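K.L.:
Below you'll find the structure I mean.
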Number of protein chains: 2
Amino acid sequence: MSGAQERPLRADAARNRAKLLDTATQVFTAHGVGVPTEEIARAAGVGVGTLFRHFPTKEALLEAVMVRRLEAIAAQAAQLPAESAPAEAFFDCFRLVVEQSAGKNEFAQALAAAGVDAHAALQESSSTIRARLAELLTGAQRAGAVRPELGLPEVIALLVGTTTAMEHLGKDAAGRERVFAVVLDGLRPR
Amino acid sequence: MSGAQERPLRADAARNRAKLLDTATQVFTAHGVGVPTEEIARAAGVGVGTLFRHFPTKEALLEAVMVRRLEAIAAQAAQLPAESAPAEAFFDCFRLVVEQSAGKNEFAQALAAAGVDAHAALQESSSTIRARLAELLTGAQRAGAVRPELGLPEVIALLVGTTTAMEHLGKDAAGRERVFAVVLDGLRPR
DNA sequence: GACGATACGGACTGGCTACTCCGTTTGTCC
DNA sequence: GGACAAACGGAGTAGCCAGTCCGTATCGTC
């Protein structure tokens, strides 16, 4: 699916590409997606020309950052043991996604605003997470730990909403925990 | 606090100002805050000069739109009868704010991003709602209908988060209702 | 209906930013 | 170590958009 027959990058090119991705992740998260591309290039220690050679568009860079984060989340989600403890696995996954998504909301919004709703790469890596989440959801529902009437779209909406709530609370760890309690308990059947 | 000694606007000026506010509300909600000011002016049937005479800055226009919405919400919230049924009043208020805030999240974000965290007008009208919400919250908590450990910041974060979740679900009314059920039930004590 | 004050329209400006182009540098392979 | 391709840097370009300016139109008043 992903392995095209690209010839290998030269060593410096590969290094710069990785550095750009890392830097872009940090800078976008810290200062928002509105930062000029030039600032990212400078922070990464390269020229803008280099940035645009690797990512032909600012939007492409944004997308690459998102894909990378989604893949990281998917990898962690894959670790969760579903069979033994379906309920915990689902709730752990919910927490995981929310915690790893801190500051990512704005990215998704920016991409959607740019009319990129259906970019293949994003589609692919997000559907991996969705599939995993669906699996854990039905497991937890079968175990009676989650309201049976909830579908995947509602759970995802709650995921996004909870992330936003967390961002709104900032660093108040105790408050975040109380919000988590509200949502997670709310997911349980009455 | 708000009644300054402005001399009355000329009839056409008052008309244009009102039209601009209405149009801006619609256009910002429909197409996001990124729309060029010129587009709003055109949609309102006036020139950009007129727009900038009434609102010296795009940001000022955004703020005026927000203030107006907040005031509308505050007015509705003031109607809710707190004494007779504290629990219902709180939950109704929660719903009210979420439903009236559809599409407003992005405004607030845009304003915050512009470094306008503490504009007096916004502060004032949002603090009206906050005060009302705090009142209803403690009432509901005293009645045993809401978790006693929750503070106003957490409730507001949940409000914002729920609004986002709703926006994410789009027009799926049944799904929205299920999400509401999760959050509102989660607010109740265990 | 005439006159001063108020408000209007929209061409124009300045600044910002995504993206390009090409002379220079660096890595790779023999 | 030399030669060639690959990659780099950053000044330059084009387009967009918030906000200005002033000649023209409209309002309100006598």
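Residue numbering restarts at 1 in every chain; chains get A, B, ... in the order shown in the structure tokens, and ligands count up from 1 in that same order.
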Taking 5 positions as the minimum chain separation for residues in the same chain, which residues sit within 9 Å of B:Ala64 when counting only C-alpha atoms (C1' of nucleotides)? Answer as an MDAnalysis selection string.

P.N.:
chainID B and resid 21 55 59 69 121:122

K.L.:
Give the residues of chain A that lie within 12 Å of chain C; count only C-alpha atoms (C1' of nucleotides), and format the answer as a list in words.

P.N.:
Leu9, Arg10, Ala11, Asp12, Ala13, Ala14, Gly34, Val35, Pro36, Thr37, Glu38, Glu39, Val48, Gly49, Thr50, Leu51, Phe52, Arg53, Phe55, Pro56, Thr57, Lys58 and Glu59 of chain A

K.L.:
Got time to write the residues from that selection, C-alpha atoms, as a PDB file, in the first residue's frame?

P.N.:
ATOM      1  CA  LEU A   9      17.240   9.628  -0.517  1.00  0.00           C
ATOM      2  CA  ARG A  10      20.722  10.950  -0.138  1.00  0.00           C
ATOM      3  CA  ALA A  11      21.878  10.946   3.490  1.00  0.00           C
ATOM      4  CA  ASP A  12      21.615  14.707   4.034  1.00  0.00           C
ATOM      5  CA  ALA A  13      18.228  14.808   2.346  1.00  0.00           C
ATOM      6  CA  ALA A  14      16.868  12.110   4.616  1.00  0.00           C
ATOM      7  CA  GLY A  34      -0.665  29.839  11.037  1.00  0.00           C
ATOM      8  CA  VAL A  35       3.097  30.117  11.422  1.00  0.00           C
ATOM      9  CA  PRO A  36       4.904  31.049   8.212  1.00  0.00           C
ATOM     10  CA  THR A  37       6.676  28.188   6.485  1.00  0.00           C
ATOM     11  CA  GLU A  38       9.861  30.200   6.598  1.00  0.00           C
ATOM     12  CA  GLU A  39       9.828  30.063  10.374  1.00  0.00           C
ATOM     13  CA  VAL A  48      12.695  27.358   2.473  1.00  0.00           C
ATOM     14  CA  GLY A  49      13.740  25.825  -0.819  1.00  0.00           C
ATOM     15  CA  THR A  50      14.626  22.626   0.991  1.00  0.00           C
ATOM     16  CA  LEU A  51      11.331  22.606   2.820  1.00  0.00           C
ATOM     17  CA  PHE A  52       9.338  22.941  -0.373  1.00  0.00           C
ATOM     18  CA  ARG A  53      11.397  20.310  -2.159  1.00  0.00           C
ATOM     19  CA  PHE A  55       6.858  18.959   0.931  1.00  0.00           C
ATOM     20  CA  PRO A  56       5.561  20.654  -2.197  1.00  0.00           C
ATOM     21  CA  THR A  57       2.923  22.522  -0.249  1.00  0.00           C
ATOM     22  CA  LYS A  58       2.414  23.768   3.264  1.00  0.00           C
ATOM     23  CA  GLU A  59      -0.668  21.623   3.355  1.00  0.00           C
TER      24      GLU A  59
END

K.L.:
At a cut-off of 6 Å, which residues of chain A touch chain B? Count only C-alpha atoms and give the answer as a PyMOL selection string.

P.N.:
chain A and resi 157-158+161-162+164-165+168+182-183+185-187

K.L.:
Output N, CA and C atoms for every residue in the selection just made, as a compact mmCIF listing (two decimals), in the first residue's frame.

P.N.:
# COMPACT_ATOMS: atom_id res chain seq x y z
N ALA A 157 -16.92 11.36 17.88
CA ALA A 157 -17.29 12.73 18.21
C ALA A 157 -16.94 13.03 19.66
N LEU A 158 -17.19 12.08 20.55
CA LEU A 158 -16.86 12.27 21.96
C LEU A 158 -15.35 12.37 22.16
N GLY A 161 -14.46 15.82 21.05
CA GLY A 161 -14.94 16.76 22.04
C GLY A 161 -14.14 16.72 23.32
N THR A 162 -13.80 15.53 23.78
CA THR A 162 -13.01 15.42 25.01
C THR A 162 -11.64 16.04 24.82
N THR A 164 -10.91 18.52 22.91
CA THR A 164 -11.11 19.96 22.99
C THR A 164 -11.26 20.42 24.44
N ALA A 165 -12.04 19.67 25.19
CA ALA A 165 -12.25 20.03 26.59
C ALA A 165 -10.91 20.04 27.33
N HIS A 168 -8.89 22.97 26.57
CA HIS A 168 -9.47 24.15 27.20
C HIS A 168 -9.06 24.26 28.66
N VAL A 182 -16.19 12.21 34.04
CA VAL A 182 -17.54 12.48 33.53
C VAL A 182 -17.79 11.72 32.24
N VAL A 183 -16.85 11.83 31.30
CA VAL A 183 -17.07 11.23 29.99
C VAL A 183 -17.03 9.70 30.07
N ASP A 185 -17.46 7.70 32.64
CA ASP A 185 -18.63 7.16 33.35
C ASP A 185 -19.89 7.30 32.49
N GLY A 186 -19.96 8.39 31.74
CA GLY A 186 -21.13 8.60 30.88
C GLY A 186 -21.23 7.54 29.79
N LEU A 187 -20.09 7.01 29.39
CA LEU A 187 -20.10 5.98 28.35
C LEU A 187 -20.69 4.67 28.86

K.L.:
Would you give me, as a PyMOL selection string, the residues in chain A that DSSP reads as helix (DSSP H, G or I)?

P.N.:
chain A and resi 11-31+37-44+48-54+58-79+86-100+105-113+120-142+152-169+173-187

K.L.:
For the residues in the current selection, export C-alpha atoms as a compact mmCIF listing (two decimals), in the first residue's frame.

P.N.:
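Once everything was written out, this is out-v3.txt:
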# COMPACT_ATOMS: atom_id res chain seq x y z
CA ALA A 11 21.88 10.95 3.49
CA ASP A 12 21.62 14.71 4.03
CA ALA A 13 18.23 14.81 2.35
CA ALA A 14 16.87 12.11 4.62
CA ARG A 15 18.25 13.92 7.66
CA ASN A 16 16.70 17.22 6.62
CA ARG A 17 13.37 15.64 5.89
CA ALA A 18 13.21 14.07 9.33
CA LYS A 19 14.34 17.26 11.00
CA LEU A 20 11.66 19.22 9.15
CA LEU A 21 8.95 16.81 10.25
CA ASP A 22 10.08 16.97 13.87
CA THR A 23 10.37 20.74 13.85
CA ALA A 24 7.06 21.24 12.08
CA THR A 25 5.33 19.05 14.64
CA GLN A 26 6.73 21.12 17.49
CA VAL A 27 6.20 24.52 15.93
CA PHE A 28 2.68 23.83 14.69
CA THR A 29 1.72 22.50 18.10
CA ALA A 30 3.29 25.38 19.96
CA HIS A 31 2.30 28.32 17.74
CA THR A 37 6.68 28.19 6.49
CA GLU A 38 9.86 30.20 6.60
CA GLU A 39 9.83 30.06 10.37
CA ILE A 40 9.68 26.30 10.32
CA ALA A 41 12.54 26.14 7.85
CA ARG A 42 14.64 28.44 10.00
CA ALA A 43 13.86 26.46 13.16
CA ALA A 44 14.89 23.29 11.35
CA VAL A 48 12.70 27.36 2.47
CA GLY A 49 13.74 25.83 -0.82
CA THR A 50 14.63 22.63 0.99
CA LEU A 51 11.33 22.61 2.82
CA PHE A 52 9.34 22.94 -0.37
CA ARG A 53 11.40 20.31 -2.16
CA HIS A 54 10.43 17.77 0.47
CA LYS A 58 2.41 23.77 3.26
CA GLU A 59 -0.67 21.62 3.35
CA ALA A 60 1.41 18.58 2.37
CA LEU A 61 3.70 19.24 5.32
CA LEU A 62 0.71 19.52 7.63
CA GLU A 63 -0.63 16.28 6.28
CA ALA A 64 2.69 14.50 6.74
CA VAL A 65 2.80 15.65 10.36
CA MET A 66 -0.73 14.38 10.94
CA VAL A 67 -0.08 11.03 9.31
CA ARG A 68 2.95 10.51 11.48
CA ARG A 69 1.01 11.26 14.66
CA LEU A 70 -1.86 9.04 13.64
CA GLU A 71 0.52 6.19 12.91
CA ALA A 72 2.12 6.60 16.32
CA ILE A 73 -1.27 6.46 17.98
CA ALA A 74 -2.31 3.45 15.93
CA ALA A 75 0.87 1.65 16.94
CA GLN A 76 0.20 2.26 20.62
CA ALA A 77 -3.44 1.28 20.25
CA ALA A 78 -2.38 -2.01 18.67
CA GLN A 79 -0.58 -2.91 21.89
CA PRO A 86 -12.38 -5.73 26.75
CA ALA A 87 -13.72 -2.96 28.95
CA GLU A 88 -10.35 -1.70 30.15
CA ALA A 89 -8.92 -1.97 26.65
CA PHE A 90 -11.61 0.31 25.26
CA PHE A 91 -11.33 2.90 27.99
CA ASP A 92 -7.55 2.81 27.80
CA CYS A 93 -7.72 3.37 24.08
CA PHE A 94 -10.09 6.30 24.56
CA ARG A 95 -7.67 7.89 27.01
CA LEU A 96 -4.73 7.16 24.80
CA VAL A 97 -6.22 8.85 21.77
CA VAL A 98 -7.29 11.90 23.76
CA GLU A 99 -3.93 12.28 25.45
CA GLN A 100 -1.93 11.81 22.29
CA ASN A 105 -7.44 19.35 16.75
CA GLU A 106 -6.39 22.52 15.06
CA PHE A 107 -4.43 20.59 12.44
CA ALA A 108 -7.42 18.54 11.44
CA GLN A 109 -9.55 21.66 11.29
CA ALA A 110 -7.03 23.45 9.13
CA LEU A 111 -6.86 20.54 6.73
CA ALA A 112 -10.61 20.22 6.54
CA ALA A 113 -10.92 23.95 5.95
CA ALA A 120 -5.60 9.21 0.78
CA ALA A 121 -2.71 9.08 3.22
CA LEU A 122 -4.73 10.56 6.06
CA GLN A 123 -7.68 8.38 5.23
CA GLU A 124 -5.54 5.30 5.47
CA SER A 125 -3.85 5.93 8.78
CA SER A 126 -6.96 7.27 10.46
CA SER A 127 -8.98 4.28 9.30
CA THR A 128 -6.48 2.02 11.04
CA ILE A 129 -7.30 3.70 14.32
CA ARG A 130 -10.99 3.72 13.57
CA ALA A 131 -10.97 0.00 12.90
CA ARG A 132 -9.13 -0.71 16.13
CA LEU A 133 -11.49 1.53 18.05
CA ALA A 134 -14.54 -0.16 16.53
CA GLU A 135 -13.18 -3.53 17.52
CA LEU A 136 -12.56 -2.44 21.10
CA LEU A 137 -15.95 -0.73 21.24
CA THR A 138 -17.95 -3.78 20.30
CA GLY A 139 -15.86 -5.87 22.66
CA ALA A 140 -16.62 -3.52 25.53
CA GLN A 141 -20.28 -3.39 24.58
CA ARG A 142 -20.49 -7.16 24.51
CA LEU A 152 -18.53 4.53 16.24
CA PRO A 153 -19.40 8.03 14.96
CA GLU A 154 -20.67 9.08 18.37
CA VAL A 155 -17.60 7.67 20.08
CA ILE A 156 -15.34 9.53 17.68
CA ALA A 157 -17.29 12.73 18.21
CA LEU A 158 -16.86 12.27 21.96
CA LEU A 159 -13.17 11.66 21.41
CA VAL A 160 -12.80 14.92 19.53
CA GLY A 161 -14.94 16.76 22.04
CA THR A 162 -13.01 15.42 25.01
CA THR A 163 -9.76 16.45 23.38
CA THR A 164 -11.11 19.96 22.99
CA ALA A 165 -12.25 20.03 26.59
CA MET A 166 -8.77 18.98 27.68
CA GLU A 167 -7.12 21.67 25.63
CA HIS A 168 -9.47 24.15 27.20
CA LEU A 169 -8.43 23.14 30.70
CA ALA A 173 -4.32 17.89 35.77
CA ALA A 174 -6.91 17.38 38.48
CA GLY A 175 -9.57 19.13 36.40
CA ARG A 176 -8.68 17.02 33.38
CA GLU A 177 -9.09 13.92 35.45
CA ARG A 178 -12.54 15.04 36.62
CA VAL A 179 -13.57 15.67 33.02
CA PHE A 180 -12.33 12.23 32.05
CA ALA A 181 -14.40 10.77 34.85
CA VAL A 182 -17.54 12.48 33.53
CA VAL A 183 -17.07 11.23 29.99
CA LEU A 184 -15.88 7.74 30.78
CA ASP A 185 -18.63 7.16 33.35
CA GLY A 186 -21.13 8.60 30.88
CA LEU A 187 -20.10 5.98 28.35

K.L.:
Mind pulling up the distance from atom CA of A:Ser84 to atom CA of A:Pro148?

P.N.:
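These two atoms are separated by 19.8 Å.
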
K.L.:
Go ahead and compute the interatomic distance for atom CA of A:Gly47 and atom C1' of D:DG10, in Å to one decimal.

P.N.:
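Answer for the atom CA of A:Gly47 to atom C1' of D:DG10 separation: 6.5 Å.
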
K.L.:
I need the contact residues of chain D against chain A, so if you could list those with any atom within 10 Å, counting only C-alpha atoms (C1' of nucleotides), and return them as an mmCIF file with N, CA and C atoms (P, O5', C5', C4', C3', O3' and C1' of nucleotides), in the first residue's frame, that would help.

P.N.:
data_model
loop_
_atom_site.group_PDB
_atom_site.id
_atom_site.type_symbol
_atom_site.label_atom_id
_atom_site.label_comp_id
_atom_site.auth_asym_id
_atom_site.auth_seq_id
_atom_site.Cartn_x
_atom_site.Cartn_y
_atom_site.Cartn_z
ATOM 1 P P DA D 6 20.225 12.127 -10.039
ATOM 2 O "O5'" DA D 6 20.257 12.721 -8.563
ATOM 3 C "C5'" DA D 6 20.949 12.010 -7.539
ATOM 4 C "C4'" DA D 6 21.010 12.893 -6.316
ATOM 5 C "C3'" DA D 6 19.681 13.553 -5.960
ATOM 6 O "O3'" DA D 6 19.398 13.235 -4.610
ATOM 7 C "C1'" DA D 6 21.433 15.178 -6.041
ATOM 8 P P DA D 7 18.129 13.803 -3.874
ATOM 9 O "O5'" DA D 7 18.678 15.143 -3.254
ATOM 10 C "C5'" DA D 7 19.652 15.069 -2.203
ATOM 11 C "C4'" DA D 7 20.035 16.465 -1.788
ATOM 12 C "C3'" DA D 7 18.874 17.340 -1.321
ATOM 13 O "O3'" DA D 7 19.141 17.723 0.013
ATOM 14 C "C1'" DA D 7 20.313 18.520 -2.798
ATOM 15 P P DC D 8 18.223 18.734 0.771
ATOM 16 O "O5'" DC D 8 19.062 20.077 0.658
ATOM 17 C "C5'" DC D 8 20.422 20.072 1.087
ATOM 18 C "C4'" DC D 8 21.012 21.447 0.932
ATOM 19 C "C3'" DC D 8 20.140 22.560 1.505
ATOM 20 O "O3'" DC D 8 20.878 23.264 2.475
ATOM 21 C "C1'" DC D 8 20.807 23.072 -0.730
ATOM 22 P P DG D 9 20.059 24.245 3.463
ATOM 23 O "O5'" DG D 9 20.247 25.663 2.761
ATOM 24 C "C5'" DG D 9 21.559 26.150 2.572
ATOM 25 C "C4'" DG D 9 21.496 27.519 1.938
ATOM 26 C "C3'" DG D 9 20.530 28.497 2.607
ATOM 27 O "O3'" DG D 9 21.214 29.733 2.719
ATOM 28 C "C1'" DG D 9 19.968 28.245 0.298
ATOM 29 P P DG D 10 20.756 30.829 3.734
ATOM 30 O "O5'" DG D 10 20.155 31.991 2.824
ATOM 31 C "C5'" DG D 10 20.765 32.279 1.559
ATOM 32 C "C4'" DG D 10 19.750 32.981 0.677
ATOM 33 C "C3'" DG D 10 18.665 33.749 1.445
ATOM 34 O "O3'" DG D 10 18.304 34.875 0.663
ATOM 35 C "C1'" DG D 10 17.664 32.242 0.033
#
